[in-house]
Amino acid sequence: MVLILMGPTGCGKTTIGRLLAQRLGWPFLDGDDFHPAANVAKMHSGTPLDDNDRRPWLLALRKEIEDRSRAGQSAIVACSALKRIYRELLGVDQQSVKTVYLRGSFEVLQERLSDRRGHFMPPELLRSQLETLELPEGGLVVDIDDDPAMIVTRIIASLKQAALSGKAKRDKNV
């Protein structure tokens with residue numbers, strides 16, 4: 001299974017992703033590392049990416065996800081995946097590639113961004129990301145008001161519950 005931690009800048013994709021990967025013993029992939037240099041420069045200058053900018057980035061991530069899935073490997077991927085079409089490009093099916101939407105209010109996200117230093121994504125782009133965000137269908141939704149360790153614990157509990165629920169459904173159909 002590949003879990004895509006999604007949401008706007010400042011929601012904790014990297015922090016929670018690293019902790020979750022550590023707890024599950026899965027590799028962590030930061031989607032930001034897959035951006036072409038031109039995208040990083042554009043965001044750094046305060047210019048939002050458009051769909052044409054995002055396409056090669058999302059396709060590079062999809063290839064990585066497909067390669068890991070073919071090899072039977074699980075992974076945690078941090079990727080904003082703000083629109084449904086982006087999640088489709090990533091191969092999200094909510095079965096083998098599942099989203100975990102890290103949901104936070106504008107105020108919480110803005111506060112987190114004001115404390116962050118050295119990231120190429122300037123806080124000014126938060127509003128454009130929230131305007132772009134299309135809420136995911138299916139997958140997990142986790143509020144980010146708690147500390148990262150508690151959020152990770154809730155994600156793992158939700159995954160276990162979903163697995164048990166899926167097993168019960170399969171057992172019923174046998």
# chains A, B, ... in the order shown; residues from 1 in each chain; ligands from 1

call {"tool": "residues_around", "arguments": {"residues": "Lys13 in chain A", "least_positions_apart": "2", "cutoff": "9 Å", "atoms": "only C-alpha atoms", "output": "PDB file with C-alpha atoms, in the first residue's frame"}}
result
ATOM      1  CA  ILE A   4      -0.293   9.799   0.045  1.00  0.00           C
ATOM      2  CA  LEU A   5      -0.331  12.424   2.777  1.00  0.00           C
ATOM      3  CA  MET A   6      -2.046  15.330   1.077  1.00  0.00           C
ATOM      4  CA  GLY A   7      -3.076  18.885   1.838  1.00  0.00           C
ATOM      5  CA  PRO A   8      -1.865  22.452   1.438  1.00  0.00           C
ATOM      6  CA  THR A   9       1.467  23.835   2.486  1.00  0.00           C
ATOM      7  CA  GLY A  10       1.965  23.846   6.244  1.00  0.00           C
ATOM      8  CA  CYS A  11      -0.377  20.948   7.034  1.00  0.00           C
ATOM      9  CA  THR A  15       6.699  15.957   9.579  1.00  0.00           C
ATOM     10  CA  ILE A  16       3.810  13.511   9.894  1.00  0.00           C
ATOM     11  CA  GLY A  17       5.026  11.501   6.908  1.00  0.00           C
ATOM     12  CA  ARG A  18       8.448  10.925   8.444  1.00  0.00           C
ATOM     13  CA  ASP A  30       8.830  13.756  -0.086  1.00  0.00           C
ATOM     14  CA  VAL A  77       4.410   9.889   0.021  1.00  0.00           C
ATOM     15  CA  ALA A  78       4.031  13.550   0.968  1.00  0.00           C
ATOM     16  CA  CYS A  79       2.307  15.365  -1.903  1.00  0.00           C
ATOM     17  CA  SER A  80      -0.159  18.248  -1.873  1.00  0.00           C
ATOM     18  CA  LEU A 102      -4.317  16.461   6.620  1.00  0.00           C
TER      19      LEU A 102
END

call {"tool": "residues_around", "arguments": {"residues": "Leu19 in chain A", "least_positions_apart": "4", "cutoff": "8 Å", "atoms": "only C-alpha atoms", "output": "PDB file with C-alpha atoms, in the first residue's frame"}}
result
ATOM      1  CA  THR A  15       6.699  15.957   9.579  1.00  0.00           C
ATOM      2  CA  ARG A  23       6.359   3.892  13.042  1.00  0.00           C
ATOM      3  CA  PRO A 148       2.263  15.078  15.204  1.00  0.00           C
ATOM      4  CA  ALA A 149       2.698  11.921  17.329  1.00  0.00           C
ATOM      5  CA  VAL A 152       0.245   9.490  13.494  1.00  0.00           C
TER       6      VAL A 152
END

call {"tool": "select_by_dssp", "arguments": {"residues": "range 79-171 of chain A", "states": "strand (DSSP E)", "output": "PyMOL selection string"}}
result
chain A and resi 97-103+140-143

call {"tool": "atom_distance", "arguments": {"atom1": "CA of Arg70 in chain A", "atom2": "CA of Glu134 in chain A"}}
result
28.6 Å

call {"tool": "residues_around", "arguments": {"residues": "Glu131 in chain A", "least_positions_apart": "2", "cutoff": "12 Å", "atoms": "only C-alpha atoms", "output": "count of residues only"}}
result
14

call {"tool": "select_by_dssp", "arguments": {"residues": "chain A", "states": "alpha helix (DSSP H)", "output": "ChimeraX atom specification"}}
result
/A:13-24,37-44,51-70,84-90,106-115,126-132,148-172

call {"tool": "residues_around", "arguments": {"residues": "Gly25 in chain A", "least_positions_apart": "5", "cutoff": "10 Å", "atoms": "only C-alpha atoms", "output": "ChimeraX atom specification"}}
result
/A:19-20,74-76

call {"tool": "closest_residue", "arguments": {"among": "A:Leu89, A:Val2, A:Ala163, A:Val100", "to": "Arg55 in chain A", "atoms": "only C-alpha atoms"}}
result
A:Leu89

call {"tool": "closest_residue", "arguments": {"among": "A:Gln161, A:Trp57, A:Thr153, A:Gln73", "to": "Gln22 in chain A", "atoms": "only C-alpha atoms"}}
result
A:Thr153

call {"tool": "atom_distance", "arguments": {"atom1": "CA of Ser96 in chain A", "atom2": "CA of Gly138 in chain A"}}
result
12.7 Å

call {"tool": "atom_distance", "arguments": {"atom1": "CA of Thr47 in chain A", "atom2": "CA of Leu113 in chain A"}}
result
16.8 Å

call {"tool": "residues_around", "arguments": {"residues": "Glu137 in chain A", "least_positions_apart": "5", "cutoff": "12 Å", "atoms": "only C-alpha atoms", "output": "MDAnalysis selection string"}}
result
chainID A and resid 82:85 87:88 92:94 98:101
